[in-house]
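Shown next, in structure tokens, is the structure this report addresses.
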Amino acid sequence: MGWKNPLLLLLSIGLSNIGAWIFLIALNLIVLDESGSALAVGILYVLNPLAALFTNAWAGSVVDRLNKRMLMVILDVTMAVLVAMLPFISSLPLMYAVVFVVNMGSSVFYPASMTYMTKLIPKNKRQRFNAFRSLVGSGAFIVGPAIAGLLFIVGTPETAIFLNGAALLLSGVATLFLPDVEGGAAEGAKKLSLDMIKEDLRMVMRFSLNRIYVMVVYFLFSCMLVLTAAVDSLEAAFSKEVLSLSNSTYGYLVSIAGAGYLIGAMVNTVIADKVRDVKLIAFGSVMVSAGYMVYSVSDGFMAAAIGFSVLSFSLAFAQTGFDTFIQERIPVEVMGRVSSVYGWVEGFLVIAATILIGAGAHVLSIRNVVAGGCLVMVAVTVLLCIHSLRRAGEKQAERAEVETG
């Protein structure tokens, strides 16, 4: 297989990612204009993890039993229609309800797309493809807000929302041109039931106990992402209140993070075939936590910028390694269910950790809470590094014995 289909898939992913950034920024402005309340905008950020909690327990049961390509197309088109409806909704509760359903669609889309990618991309090309996927994601992080800003100059936030709907629709059309790797339905559409969900949960538990090494890596990496989300929730307050940065200087800091991720993703595409996935996970994760640690003890813009550069640069490697790791070690037949259940756990932990670190900032201080969260992250990533590399070393030694023996 050549690169035609992977490039088409990257185009679909890129359109969706750019649209997501435009959607996020535009929706924030629309809700702020409608309500005049920062709390109303804050609710938007709660809807995504809540939708994941509501959806991920059963999403994998659906994903593993349906045709992934058609499911992705249906989700893209449905979300495009729902997004295009938002500018015509004046009721804030109804707007929240539509956004909640869109976020539910995204929660189903992730395990479906991950499983489809694993089936479409040959094993020897997965890590390089994932590196390019990180590059597309980092590009969207920079291009999406830039397009949104231009649209606000020449149009309105509503115009940006319509553009996001169009991007989702184009993403669905691009997916239609990809091959059907399953030849129809996977098992056929089965009626979702509570018994089916319970059985699938038991299957995920059995799988986890049989693949302890793999699932410990999965869990520890998820814990790192949970801690980054929790620390990031205090990012603006830390930058303005502790570091005394202005709005524009804080904007520069965010831009540095985006640039760091982009550069990391570019370097990653060059070395993707030369470095094993477990090494990308191990060292990338440790450097992410090191970057956060530098940021947490910084006393000015320059030190914070160095920390942001290190963590964003390293995150591209860690994410690519992790995606490749699970694609090569979790069978595609159960990947949807496994990723959904662990996604549910991750969503629950994100909400709990964000509430905990927010409450801690009120009781103690923002500096101490952020530093404490980063210390826990360092501990988690060191454990992840030791665990992943030790097993990888054992496997390599076993192979050497077989070859020489």
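Convention: chains lettered A, B, ... in structure tokens order; per-chain residue numbering from 1; ligands numbered from 1 as shown.
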
* stretch 111-181 of chain A: residues DSSP assigns to alpha helix (DSSP H), reported as a ChimeraX atom specification -> /A:111-120,126-154,157-176

Could you name the residues that touch A:Ile357 at 9 Å or less, counting only C-alpha atoms, but leaving out those on the same chain fewer than 2 positions away, as a compact mmCIF listing (two decimals) with N, CA and C atoms, in the first residue's frame?
# COMPACT_ATOMS: atom_id res chain seq x y z
N ALA A 230 -5.22 18.71 34.65
CA ALA A 230 -5.47 19.36 35.94
C ALA A 230 -4.58 20.58 36.13
N VAL A 231 -3.29 20.43 35.83
CA VAL A 231 -2.36 21.56 35.95
C VAL A 231 -2.71 22.66 34.95
N SER A 233 -5.54 23.52 33.96
CA SER A 233 -6.73 24.26 34.38
C SER A 233 -6.37 25.50 35.19
N LEU A 234 -5.16 25.50 35.78
CA LEU A 234 -4.70 26.67 36.55
C LEU A 234 -3.65 27.48 35.78
N ALA A 352 -12.13 14.70 38.58
CA ALA A 352 -11.76 14.65 40.00
C ALA A 352 -10.49 15.43 40.28
N ALA A 353 -9.47 15.26 39.42
CA ALA A 353 -8.20 15.95 39.64
C ALA A 353 -8.34 17.46 39.45
N THR A 354 -9.16 17.87 38.48
CA THR A 354 -9.36 19.30 38.24
C THR A 354 -10.05 19.96 39.42
N ILE A 355 -11.07 19.28 39.97
CA ILE A 355 -11.77 19.80 41.15
C ILE A 355 -10.81 19.86 42.33
N ALA A 359 -9.66 23.27 44.19
CA ALA A 359 -9.94 23.48 45.61
C ALA A 359 -8.64 23.72 46.38
N GLY A 360 -7.61 22.98 46.02
CA GLY A 360 -6.32 23.15 46.68
C GLY A 360 -5.75 24.53 46.49
N ALA A 361 -5.99 25.11 45.30
CA ALA A 361 -5.49 26.46 45.02
C ALA A 361 -6.14 27.50 45.93
N HIS A 362 -7.38 27.26 46.33
CA HIS A 362 -8.07 28.19 47.24
C HIS A 362 -7.59 28.01 48.67
N ILE A 366 -1.73 28.89 44.60
CA ILE A 366 -1.64 28.38 43.24
C ILE A 366 -0.26 27.79 42.99
N VAL A 369 0.17 24.34 44.77
CA VAL A 369 -0.67 23.29 44.19
C VAL A 369 -0.15 22.87 42.82
N VAL A 370 0.24 23.85 42.01
CA VAL A 370 0.79 23.53 40.69
C VAL A 370 2.09 22.75 40.83
N GLY A 373 1.24 19.20 41.93
CA GLY A 373 0.72 18.41 40.81
C GLY A 373 1.83 17.98 39.86

Hey, which bits of stretch 190-259 of chain A sit within 12 Å of stretch 48-71 of chain A, and for each residue what's the closest pair of atoms and how far apart in Å (one decimal), counting only C-alpha atoms, rows by chain and increasing number, as CSV?
residue,atom,partner,partner_atom,distance
A:Lys190,CA,A:Arg65,CA,7.2
A:Lys191,CA,A:Val62,CA,9.0
A:Leu192,CA,A:Val62,CA,7.3
A:Ser193,CA,A:Trp58,CA,9.3
A:Leu194,CA,A:Trp58,CA,9.0
A:Asp195,CA,A:Ser61,CA,11.0
A:Met196,CA,A:Ser61,CA,7.6
A:Ile197,CA,A:Trp58,CA,6.1
A:Lys198,CA,A:Trp58,CA,9.3
A:Glu199,CA,A:Ser61,CA,9.6
A:Asp200,CA,A:Ser61,CA,6.7
A:Leu201,CA,A:Ala57,CA,8.2
A:Arg202,CA,A:Ser61,CA,11.9
A:Met203,CA,A:Ser61,CA,10.8
A:Val204,CA,A:Gly60,CA,10.3
A:Val226,CA,A:Pro49,CA,11.3
A:Ala229,CA,A:Pro49,CA,11.0

* To do: For stretch 288-302 of chain A, please output as a PyMOL selection string all residues within 7 Å (counting only C-alpha atoms; exclusion window: fewer than 4 positions along the same chain).
  => chain A and resi 243+284+306-308+310-311+314-315+367+370-371+374-375+377-378+381

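Coordinates place atom CA of A:Ser107 at a distance of 15.4 Å from atom CA of A:Leu44.
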
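Among the candidates A:Tyr252, A:Tyr116, A:Tyr342, A:Phe109, the one nearest to A:Met215 when counting only C-alpha atoms is A:Tyr342.
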
* Could you name the residues that touch A:Arg276 at 10 Å or less, counting only C-alpha atoms, but leaving out those on the same chain fewer than 5 positions away, as a VMD selection string? -> chain A and resid 127 271 281 321 324 to 325 392

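Using only C-alpha atoms, the shortest contact distance between A:Val217 and any of A:Ser340, A:Ala282, A:Val102, A:Leu15 is found at A:Ala282.
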
* To do: Find the residues near A:Leu163: any atom within 9 Å, counting only C-alpha atoms, skip ones fewer than 6 places away on the same chain, and give them as a ChimeraX atom specification.
  => /A:19,22-23,84

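For the choices A:Ser248, A:Leu150, A:Tyr96, A:Ser91, the atom-to-atom distance to A:Tyr45 is smallest for A:Tyr96 when using only C-alpha atoms.
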
* To do: Considering only C-alpha atoms, return as a ChimeraX atom specification whatever protein or nucleic-acid residues lie within 9 Å of A:Phe322, sequence-local ones (same chain, fewer than 5 positions apart) excluded.
  => /A:217-218,221,277-278,280-281,317,327

Now that the selection is made, can you save its residues with C-alpha atoms as an mmCIF file, in the first residue's frame?
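Saved file again.cif follows:
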data_model
loop_
_atom_site.group_PDB
_atom_site.id
_atom_site.type_symbol
_atom_site.label_atom_id
_atom_site.label_comp_id
_atom_site.auth_asym_id
_atom_site.auth_seq_id
_atom_site.Cartn_x
_atom_site.Cartn_y
_atom_site.Cartn_z
ATOM 1 C CA VAL A 217 1.644 1.468 30.438
ATOM 2 C CA TYR A 218 -1.800 2.553 29.187
ATOM 3 C CA PHE A 221 0.219 7.323 30.422
ATOM 4 C CA ASP A 277 7.621 3.248 20.519
ATOM 5 C CA VAL A 278 8.445 2.345 24.150
ATOM 6 C CA LEU A 280 9.305 7.513 22.728
ATOM 7 C CA ILE A 281 6.817 6.918 25.540
ATOM 8 C CA PHE A 317 7.085 12.147 20.891
ATOM 9 C CA GLN A 327 -2.130 -0.108 18.033
#

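Nearest to A:Ile43 of all the residues A:Ala97, A:Ser12, A:Val83, A:Gly372 is A:Ala97, counting only C-alpha atoms.
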
* Which of these residues is nearest to A:Leu24, using only C-alpha atoms: A:Ser90, A:Thr115, A:Asn164, A:Ser106? -> A:Asn164

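Comparing A:Leu9, A:Val345, A:Val154, A:Val101 by their smallest distance to A:Leu82, the closest is A:Val101 (using only C-alpha atoms).
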
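The neighbours of A:Ile30 here are the residues that come within 12 Å of it, using only C-alpha atoms and leaving out any residue fewer than 5 positions away in the same chain; they are Phe23, Leu24, Ile25, Ser35, Gly36, Ser37, Ala38, Ala40, Val41, Leu44, Leu86, Pro87, Phe88, Ile89, Ser90, Ser91, Leu92, Met95, Tyr96, Phe152, Thr156, Pro157, Glu158, Thr159, Ala160 and Ile161 of chain A.
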